[in-house]
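Visitor: This is the structure I have questions about; it appears just below.
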Amino acid sequence: MFVANEASAQIKAGEGQVSIALESNSSYYAPDKTLEDIGLIKPYERVKGNFGSNDYLKVDYSIGRFSAGVQIDGYLPPLYGYDFYEYQQRDSKLSAFLTKYVQWEDQNWGVRLGDIYDQFGNGLIFRAYEDRALAFNNSLAGARAYYNFNNMVNVKVLAGMPRLYDVRSNNAIWGADLSLSISEMAGWNDGMVSVEGSYVGRYQKDASVDYPTAQMPVGLSSDVLNMVSGRANFEYAGFSFRGEYAAKLNEDIFNPQLDAAKGNVISVDLGYNYKRFSVSATFRRQENMITPIEQLRPEGIGGGNTMNYIPLLTRQHTYSLANLNPYRGSSVHTGGEIGGQVDVYYSLRNKKARGKYWNFHANFSMFNTLKHYSQRMAQTIDSRNVWIDFNFDVERQWNKSLKTTFLYSFQRWDEEINHFDSPAAHYCRSHIFVGDVTYKINKKHSLRFEAQYLASNDYEGDWVAATIEYNLAPKFSFYVSDMWNCEKMQDGMYGNYYMNLDTYEYDNYLLHYYQVGASFTHKSFRAQLSYGRNRAGYVCSGGVCRFQPAYTGVNLALTLSF
């Protein structure tokens, strides 16, 4: 499913300005007997019909220091595969949600009433944001105020009711954030030093009541969850350091097993850059930090039920085979994980030939579970590795017409952890090779060819993929692609085997996932139309993933501004 970027423009309205942006993403789900016979498509699960459309209309007005705006989200009905589709709180197939705000921002202070998008620090204890690729929006309906004193002291307070799909939760969230710039106070202009701290509270009535049921075996110690974080930031001569520690001061429910415990997380980011070289490293340890908006029902309510942001710290790939089995995190089942990633970039350029260059990029990430007690298995489970990947890509601009990219990616993951919290491990390995060639015929015409190969003796065996794209700048683009699991492979409980619904026996299938599409762009209008078969898998945005069931159909994405 293609999700377009929002387009916007500004229109004079007296002394002020109006900006209007429209985004629409629609799909028609066509019958596919092959996928239905295998069981990958289950039409009866699409109770809202064979059509879905996620639509967004945003209107903002500003004059001087005053601004106001509204956004209407229409799900007519929601697209299949988004949490909104399954967990929306109304029986109707059609639903809409209205967000609005008024805001005044002076030179050193500001006040906003209405729907609020904000975060404290890295978002480890609070982040209210929108991500349309996930159909995610947990904005707060309430108030926010901030004050900045000479860029030395920044204070922010807010409170409101969070959005939960297409309703407002009754659970209030409030918080405060303080930032002190030590470098500004000392008059140091060569670098940056700051310390920050935050507090966030969440109230839920009757959270401390003991519920003697299978769904809620224990209550919590308090109706109010209190969370705090402390942060330190440093930048000097190309070096950078950002560290944050956050904690839940009292018990909260943290996973689908409905365990109750306190939580904490430590996050460290290090970086260095010099001319055309840069390196960055991120480390994080988290335990019991999944924080739902409504903790009395975290099970079965999807990823939209969250008030903080703990993204996956692995490389986010754009090539299909490299993103075939992304890391989805182990803390959902085990409560915690420890790991991080390292990125290294280097650009080699010739001053005498500016149209030629080399770009090199290497990335490594690894994550382990924490030693913990599993209620499901009724035993203590030791820490173990659940993810390792290494990626290397090199981009070469040969001349004004020709550019090539080569990517190699090695991935190893524990498939067992993706199913449930088990003391056993089942490791799968993939070697992915990608070649990408772009040839610019002239100023308007260009051709791009992409070939991919995934080699694996585990899980789903070998895959191949290819894409041909023709661009007629600045208006038209056309493409055709195919992705095919070219090797039959059955890997015990795992792999590309499917149950025959008539015989209840398992078999392998070699399936083509084909796509054909075109796009048109004119000024601030863009349309993309595509048709094809889409593999079941995970779609990730900003380090957060959602599951997309398999489907065959027509997709239309539109953006318009005026």
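Numbering starts fresh at 1 for the residues of each chain in the structure tokens, the chains themselves are lettered A, B, ... in the order given, and ligands are numbered from 1 as they appear.
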Among region 310-486 of chain A, which ones does DSSP assign to alpha helix (DSSP H) (computed from the backbone)? Answer as a VMD selection string.
Guide: chain A and resid 331 to 334
Visitor: Skip Met377 (chain A) itself and residues of its chain fewer than 2 positions away, then list as number ranges by chain all residues within 9 Å of it, counting only C-alpha atoms.
Guide: A: 373-375, 379-381, 421-423
Visitor: Report as CSV the residues of region 160-201 of chain A within 9 Å of region 298-314 of chain A, each with its shortest atom pair and distance in Å (one decimal), using only C-alpha atoms, ordered by chain and increasing residue number.
Guide:
residue,atom,partner,partner_atom,distance
A:Pro162,CA,A:Met307,CA,8.0
A:Arg163,CA,A:Gly304,CA,8.8
A:Leu164,CA,A:Asn305,CA,6.3
A:Tyr165,CA,A:Gly304,CA,6.6
A:Ile173,CA,A:Met307,CA,8.8
Visitor: Kindly export the residues of the current selection with N, CA and C atoms, as a PDB file, in the first residue's frame.
Guide:
ATOM      1  N   PRO A 162      -6.102  11.598  25.637  1.00  0.00           N
ATOM      2  CA  PRO A 162      -5.515  11.081  24.407  1.00  0.00           C
ATOM      3  C   PRO A 162      -6.550  10.452  23.479  1.00  0.00           C
ATOM      4  N   ARG A 163      -6.235  10.496  22.212  1.00  0.00           N
ATOM      5  CA  ARG A 163      -7.071   9.845  21.205  1.00  0.00           C
ATOM      6  C   ARG A 163      -6.737   8.352  21.163  1.00  0.00           C
ATOM      7  N   LEU A 164      -7.779   7.534  21.069  1.00  0.00           N
ATOM      8  CA  LEU A 164      -7.646   6.090  20.924  1.00  0.00           C
ATOM      9  C   LEU A 164      -8.472   5.672  19.716  1.00  0.00           C
ATOM     10  N   TYR A 165      -7.815   5.596  18.555  1.00  0.00           N
ATOM     11  CA  TYR A 165      -8.472   5.329  17.276  1.00  0.00           C
ATOM     12  C   TYR A 165      -9.507   6.412  16.980  1.00  0.00           C
ATOM     13  N   ILE A 173      -3.932  12.475  30.790  1.00  0.00           N
ATOM     14  CA  ILE A 173      -2.474  12.470  30.796  1.00  0.00           C
ATOM     15  C   ILE A 173      -2.006  13.904  31.007  1.00  0.00           C
TER      16      ILE A 173
END
Visitor: My list of candidates is A:Ser530, A:Asn138, A:Ser67, A:Asn363. Which is closest to His317 (chain A) when distances are computed with only C-alpha atoms?
Guide: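 Among A:Ser530, A:Asn138, A:Ser67, A:Asn363, it is A:Asn363 that comes nearest to His317 (chain A).
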Visitor: Please return as number ranges by chain: the residues of region 399-532 of chain A that backbone DSSP assigns to strand (DSSP E).
Guide: A: 402-414, 427-440, 445-455, 463-472, 476-484, 490-491, 494-495, 497-499, 506-508, 512-522, 525-532
Visitor: Would you pick out the contacts of Tyr513 (chain A) at 7 Å or less, using only C-alpha atoms, so that residues sharing its chain but fewer than 3 positions from it are not included, and give the list as a list of chain:residue names?
Guide: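 The contact residues come out as A:Asp482, A:Met483, A:Trp484, A:Arg533, A:Asn534, A:Arg535.
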Visitor: Limited to C-alpha atoms, could you put the picked residues into a file as a PDB file, in the first residue's frame?
Guide:
ATOM      1  CA  ASP A 482       7.879  -8.739  -9.216  1.00  0.00           C
ATOM      2  CA  MET A 483       8.930 -10.583  -6.070  1.00  0.00           C
ATOM      3  CA  TRP A 484       9.060 -14.397  -6.101  1.00  0.00           C
ATOM      4  CA  ARG A 533      -0.434  -8.791  -5.349  1.00  0.00           C
ATOM      5  CA  ASN A 534       0.943  -7.800  -1.958  1.00  0.00           C
ATOM      6  CA  ARG A 535       2.748 -10.232   0.333  1.00  0.00           C
TER       7      ARG A 535
END
Visitor: Can you tell me, as a list in words, what residues are no more than 12 Å from Arg412 (chain A) when counting only C-alpha atoms, ignoring any on the same chain fewer than 5 positions away?
Guide: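 Result of the neighbour search: Ala322, Asn325, Pro326, Tyr327, Phe364, Ser365, Met366, Phe367, Asn385, Val386, Trp387, Ile388, Asp389, Phe390, Asn391, Ala425, His426, Tyr427, Cys428, Arg429, Ser430, His431, Ile432, Ser456, Asn457, Asp458 and Tyr459 of chain A.
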Visitor: How about saving the chosen residues, N, CA and C atoms kept, as an mmCIF file, in the first residue's frame?
Guide:
data_model
loop_
_atom_site.group_PDB
_atom_site.id
_atom_site.type_symbol
_atom_site.label_atom_id
_atom_site.label_comp_id
_atom_site.auth_asym_id
_atom_site.auth_seq_id
_atom_site.Cartn_x
_atom_site.Cartn_y
_atom_site.Cartn_z
ATOM 1 N N ALA A 322 15.226 -6.862 1.569
ATOM 2 C CA ALA A 322 15.922 -6.510 2.809
ATOM 3 C C ALA A 322 14.936 -6.230 3.937
ATOM 4 N N ASN A 325 11.684 -9.507 6.441
ATOM 5 C CA ASN A 325 11.449 -9.942 7.820
ATOM 6 C C ASN A 325 12.132 -8.977 8.784
ATOM 7 N N PRO A 326 11.589 -7.779 8.970
ATOM 8 C CA PRO A 326 12.243 -6.793 9.839
ATOM 9 C C PRO A 326 12.173 -7.206 11.308
ATOM 10 N N TYR A 327 13.117 -6.693 12.082
ATOM 11 C CA TYR A 327 13.074 -6.938 13.521
ATOM 12 C C TYR A 327 11.845 -6.248 14.105
ATOM 13 N N PHE A 364 25.515 -1.894 11.664
ATOM 14 C CA PHE A 364 25.437 -3.143 12.427
ATOM 15 C C PHE A 364 24.507 -2.925 13.605
ATOM 16 N N SER A 365 23.642 -3.897 13.867
ATOM 17 C CA SER A 365 22.755 -3.808 15.032
ATOM 18 C C SER A 365 22.599 -5.187 15.662
ATOM 19 N N MET A 366 22.345 -5.200 16.959
ATOM 20 C CA MET A 366 22.176 -6.450 17.703
ATOM 21 C C MET A 366 21.281 -6.204 18.902
ATOM 22 N N PHE A 367 20.400 -7.180 19.190
ATOM 23 C CA PHE A 367 19.520 -7.084 20.352
ATOM 24 C C PHE A 367 19.418 -8.439 21.041
ATOM 25 N N ASN A 385 20.328 -13.939 22.434
ATOM 26 C CA ASN A 385 20.321 -13.069 21.263
ATOM 27 C C ASN A 385 19.088 -13.365 20.415
ATOM 28 N N VAL A 386 18.425 -12.283 19.951
ATOM 29 C CA VAL A 386 17.243 -12.455 19.110
ATOM 30 C C VAL A 386 17.379 -11.748 17.766
ATOM 31 N N TRP A 387 18.418 -10.916 17.588
ATOM 32 C CA TRP A 387 18.568 -10.211 16.307
ATOM 33 C C TRP A 387 20.008 -9.765 16.108
ATOM 34 N N ILE A 388 20.530 -10.019 14.910
ATOM 35 C CA ILE A 388 21.807 -9.474 14.456
ATOM 36 C C ILE A 388 21.650 -9.142 12.984
ATOM 37 N N ASP A 389 22.116 -7.970 12.580
ATOM 38 C CA ASP A 389 22.185 -7.698 11.138
ATOM 39 C C ASP A 389 23.394 -6.818 10.841
ATOM 40 N N PHE A 390 23.939 -7.043 9.647
ATOM 41 C CA PHE A 390 25.041 -6.247 9.141
ATOM 42 C C PHE A 390 24.694 -5.822 7.723
ATOM 43 N N ASN A 391 24.889 -4.532 7.438
ATOM 44 C CA ASN A 391 24.539 -3.994 6.123
ATOM 45 C C ASN A 391 25.698 -3.153 5.599
ATOM 46 N N ALA A 425 14.975 -21.442 21.123
ATOM 47 C CA ALA A 425 15.327 -20.476 20.088
ATOM 48 C C ALA A 425 15.307 -21.163 18.728
ATOM 49 N N HIS A 426 14.945 -20.427 17.699
ATOM 50 C CA HIS A 426 14.964 -20.959 16.332
ATOM 51 C C HIS A 426 15.525 -19.867 15.435
ATOM 52 N N TYR A 427 16.792 -20.004 15.048
ATOM 53 C CA TYR A 427 17.470 -18.944 14.317
ATOM 54 C C TYR A 427 17.322 -19.128 12.810
ATOM 55 N N CYS A 428 17.001 -18.036 12.140
ATOM 56 C CA CYS A 428 16.908 -17.992 10.683
ATOM 57 C C CYS A 428 17.937 -16.989 10.169
ATOM 58 N N ARG A 429 18.496 -17.261 8.986
ATOM 59 C CA ARG A 429 19.540 -16.411 8.416
ATOM 60 C C ARG A 429 19.219 -16.083 6.974
ATOM 61 N N SER A 430 19.532 -14.850 6.587
ATOM 62 C CA SER A 430 19.326 -14.413 5.211
ATOM 63 C C SER A 430 20.522 -13.594 4.747
ATOM 64 N N HIS A 431 20.924 -13.810 3.491
ATOM 65 C CA HIS A 431 21.922 -12.992 2.818
ATOM 66 C C HIS A 431 21.215 -12.296 1.652
ATOM 67 N N ILE A 432 21.193 -10.970 1.670
ATOM 68 C CA ILE A 432 20.466 -10.212 0.650
ATOM 69 C C ILE A 432 21.449 -9.407 -0.182
ATOM 70 N N SER A 456 18.816 -18.087 1.486
ATOM 71 C CA SER A 456 18.589 -18.571 2.841
ATOM 72 C C SER A 456 18.271 -20.059 2.811
ATOM 73 N N ASN A 457 18.845 -20.795 3.752
ATOM 74 C CA ASN A 457 18.505 -22.209 3.922
ATOM 75 C C ASN A 457 17.485 -22.414 5.020
ATOM 76 N N ASP A 458 16.997 -21.318 5.580
ATOM 77 C CA ASP A 458 16.039 -21.376 6.681
ATOM 78 C C ASP A 458 14.752 -20.665 6.275
ATOM 79 N N TYR A 459 13.765 -20.839 7.094
ATOM 80 C CA TYR A 459 12.529 -20.069 7.009
ATOM 81 C C TYR A 459 11.853 -20.189 5.648
#
Visitor: Between A:Ala246, A:Val437, A:Leu348, A:Ala465, which has the minimum distance to Gly123 (chain A) (counting only C-alpha atoms)?
Guide: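 When distances to Gly123 (chain A) are compared using only C-alpha atoms, the smallest one comes from A:Ala246.
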Visitor: If I take CA of Thr552 (chain A) and CA of Ser53 (chain A), how far is one from the other in Å, to one decimal?
Guide: 15.5 Å
Visitor: Tell me which protein, DNA and RNA residues are within 12 Å of Val279 (chain A), counting only C-alpha atoms, leaving out same-chain ones fewer than 3 positions away, and put them as a PyMOL selection string.
Guide: chain A and resi 238-240+269-276+282+341-346+360-364
Visitor: Since we have the selection now, will you write its residues out, keeping N, CA, C and O atoms, as a compact mmCIF listing (two decimals), in the first residue's frame?
Guide:
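Below is the file that was written, part23.txt:
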# COMPACT_ATOMS: atom_id res chain seq x y z
N GLY A 238 32.39 18.47 16.51
CA GLY A 238 32.00 17.28 15.76
C GLY A 238 31.55 16.13 16.62
O GLY A 238 30.98 15.15 16.10
N PHE A 239 31.78 16.18 17.93
CA PHE A 239 31.33 15.12 18.84
C PHE A 239 29.94 15.46 19.37
O PHE A 239 29.61 16.63 19.59
N SER A 240 29.15 14.43 19.61
CA SER A 240 27.83 14.64 20.21
C SER A 240 27.52 13.49 21.16
O SER A 240 27.93 12.34 20.92
N ASP A 269 23.08 8.00 22.85
CA ASP A 269 23.44 8.25 21.45
C ASP A 269 24.77 8.97 21.40
O ASP A 269 24.95 10.02 22.04
N LEU A 270 25.71 8.41 20.62
CA LEU A 270 27.02 9.01 20.44
C LEU A 270 27.25 9.27 18.96
O LEU A 270 26.82 8.48 18.10
N GLY A 271 27.92 10.37 18.64
CA GLY A 271 28.18 10.68 17.24
C GLY A 271 29.45 11.47 17.05
O GLY A 271 29.90 12.18 17.96
N TYR A 272 30.03 11.33 15.87
CA TYR A 272 31.20 12.12 15.50
C TYR A 272 31.18 12.31 13.99
O TYR A 272 30.90 11.37 13.23
N ASN A 273 31.45 13.53 13.54
CA ASN A 273 31.56 13.79 12.10
C ASN A 273 32.72 14.73 11.83
O ASN A 273 32.98 15.67 12.58
N TYR A 274 33.43 14.44 10.75
CA TYR A 274 34.56 15.24 10.32
C TYR A 274 34.59 15.23 8.80
O TYR A 274 34.77 14.18 8.18
N LYS A 275 34.36 16.40 8.23
CA LYS A 275 34.30 16.55 6.78
C LYS A 275 33.30 15.54 6.20
O LYS A 275 32.13 15.60 6.48
N ARG A 276 33.80 14.57 5.41
CA ARG A 276 32.89 13.64 4.74
C ARG A 276 32.76 12.30 5.47
O ARG A 276 32.25 11.33 4.93
N THR A 282 24.09 3.99 18.85
CA THR A 282 22.95 4.09 19.76
C THR A 282 22.87 2.84 20.61
O THR A 282 22.95 1.72 20.09
N GLN A 341 22.76 -0.09 17.76
CA GLN A 341 23.28 -0.14 16.40
C GLN A 341 24.39 0.88 16.21
O GLN A 341 24.49 1.86 16.96
N VAL A 342 25.21 0.64 15.18
CA VAL A 342 26.30 1.54 14.81
C VAL A 342 26.19 1.82 13.32
O VAL A 342 25.97 0.90 12.51
N ASP A 343 26.32 3.11 12.94
CA ASP A 343 26.30 3.54 11.54
C ASP A 343 27.60 4.25 11.21
O ASP A 343 28.06 5.10 11.99
N VAL A 344 28.17 3.94 10.05
CA VAL A 344 29.39 4.60 9.59
C VAL A 344 29.18 5.06 8.15
O VAL A 344 28.74 4.26 7.30
N TYR A 345 29.47 6.35 7.87
CA TYR A 345 29.32 6.92 6.52
C TYR A 345 30.65 7.53 6.09
O TYR A 345 31.37 8.13 6.90
N TYR A 346 30.94 7.39 4.80
CA TYR A 346 32.10 8.09 4.24
C TYR A 346 31.81 8.42 2.78
O TYR A 346 31.31 7.56 2.03
N PHE A 360 29.94 5.53 0.88
CA PHE A 360 30.02 4.23 1.54
C PHE A 360 29.23 4.30 2.85
O PHE A 360 29.31 5.29 3.59
N HIS A 361 28.51 3.23 3.15
CA HIS A 361 27.69 3.20 4.37
C HIS A 361 27.70 1.78 4.93
O HIS A 361 27.44 0.82 4.20
N ALA A 362 28.03 1.65 6.21
CA ALA A 362 27.98 0.36 6.90
C ALA A 362 27.15 0.51 8.16
O ALA A 362 27.16 1.56 8.81
N ASN A 363 26.41 -0.56 8.50
CA ASN A 363 25.51 -0.52 9.66
C ASN A 363 25.52 -1.89 10.33
O ASN A 363 25.52 -2.93 9.66
N PHE A 364 25.51 -1.89 11.66
CA PHE A 364 25.44 -3.14 12.43
C PHE A 364 24.51 -2.92 13.60
O PHE A 364 24.56 -1.89 14.28
Visitor: For each of A:Ser331, A:Gln548, A:Ser198, A:Ser169, take the minimum atom-to-atom distance to Phe120 (chain A), counting only C-alpha atoms, then give the residue where this is smallest.
Guide: A:Ser198
Visitor: I'd like the contact shell of region 62-66 of chain A - 9 Å cut-off, only C-alpha atoms, skipping same-chain residues fewer than 4 positions apart - returned as a list in words.
Guide: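 So the residues in contact are Glu15, Gly16, Gln17, Val18, Ser19, Val102, Gln103, Trp104, Glu105, Asp106 and Gln107 of chain A.
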Visitor: Could you write out that same residue set with N, CA, C and O atoms as a compact mmCIF listing (two decimals), in the first residue's frame?
Guide:
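Once everything was written out, this is again31.txt:
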# COMPACT_ATOMS: atom_id res chain seq x y z
N GLU A 15 -5.25 39.76 5.91
CA GLU A 15 -3.89 39.93 6.42
C GLU A 15 -3.25 38.60 6.81
O GLU A 15 -2.06 38.54 7.11
N GLY A 16 -4.03 37.54 6.80
CA GLY A 16 -3.52 36.23 7.19
C GLY A 16 -3.33 35.30 6.01
O GLY A 16 -3.43 35.71 4.85
N GLN A 17 -3.02 34.05 6.31
CA GLN A 17 -2.80 33.03 5.30
C GLN A 17 -3.54 31.76 5.66
O GLN A 17 -3.66 31.40 6.84
N VAL A 18 -4.05 31.09 4.64
CA VAL A 18 -4.74 29.81 4.80
C VAL A 18 -3.95 28.76 4.03
O VAL A 18 -3.58 28.97 2.88
N SER A 19 -3.68 27.64 4.65
CA SER A 19 -3.06 26.50 3.96
C SER A 19 -4.01 25.32 4.04
O SER A 19 -4.62 25.06 5.08
N VAL A 102 -6.33 26.10 18.54
CA VAL A 102 -6.03 27.53 18.43
C VAL A 102 -4.74 27.75 19.20
O VAL A 102 -4.49 27.11 20.23
N GLN A 103 -3.91 28.68 18.69
CA GLN A 103 -2.58 28.82 19.27
C GLN A 103 -2.10 30.27 19.18
O GLN A 103 -2.35 30.95 18.19
N TRP A 104 -1.41 30.69 20.21
CA TRP A 104 -0.76 32.00 20.22
C TRP A 104 0.69 31.79 20.62
O TRP A 104 0.99 31.21 21.67
N GLU A 105 1.60 32.27 19.79
CA GLU A 105 3.03 32.13 20.08
C GLU A 105 3.68 33.50 20.05
O GLU A 105 3.75 34.15 19.00
N ASP A 106 4.12 33.96 21.22
CA ASP A 106 4.86 35.22 21.31
C ASP A 106 6.34 34.92 21.17
O ASP A 106 6.74 33.80 20.86
N GLN A 107 7.17 35.91 21.40
CA GLN A 107 8.61 35.72 21.21
C GLN A 107 9.18 34.70 22.17
O GLN A 107 10.05 33.90 21.80
Visitor: Do you have the CA of Tyr87 (chain A)-CA of Leu225 (chain A) distance handy?
Guide: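 That distance, rounded to one decimal, is 24.3 Å.
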Visitor: Restricting the calculation to only C-alpha atoms: of A:Met161, A:Val480, A:Ile468, A:Leu556, which residue gets closest to Ala143 (chain A)?
Guide: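 Comparing A:Met161, A:Val480, A:Ile468, A:Leu556 against Ala143 (chain A), the winner is A:Met161.
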Visitor: Of the residues A:Tyr80, A:Phe51, A:Phe525, A:Tyr453, which is the one nearest to Tyr319 (chain A), using only C-alpha atoms?
Guide: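 Answer, going by the shortest atom-to-atom distance: A:Tyr453.
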Visitor: Quick one: residues within 7 Å of Asn154 (chain A), only C-alpha atoms, excluding same-chain residues fewer than 5 positions away - as a list in words?
Guide: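 The contact residues come out as Tyr147, Asn148, Phe149, Leu178, Ser179 and Leu180 of chain A.
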Visitor: Of the candidates A:Asp55, A:Asp414, A:Glu450, A:Glu487, which one gets nearest to Val434 (chain A) if we count only C-alpha atoms?
Guide: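 Ranking A:Asp55, A:Asp414, A:Glu450, A:Glu487 by distance to Val434 (chain A), first place goes to A:Glu450.
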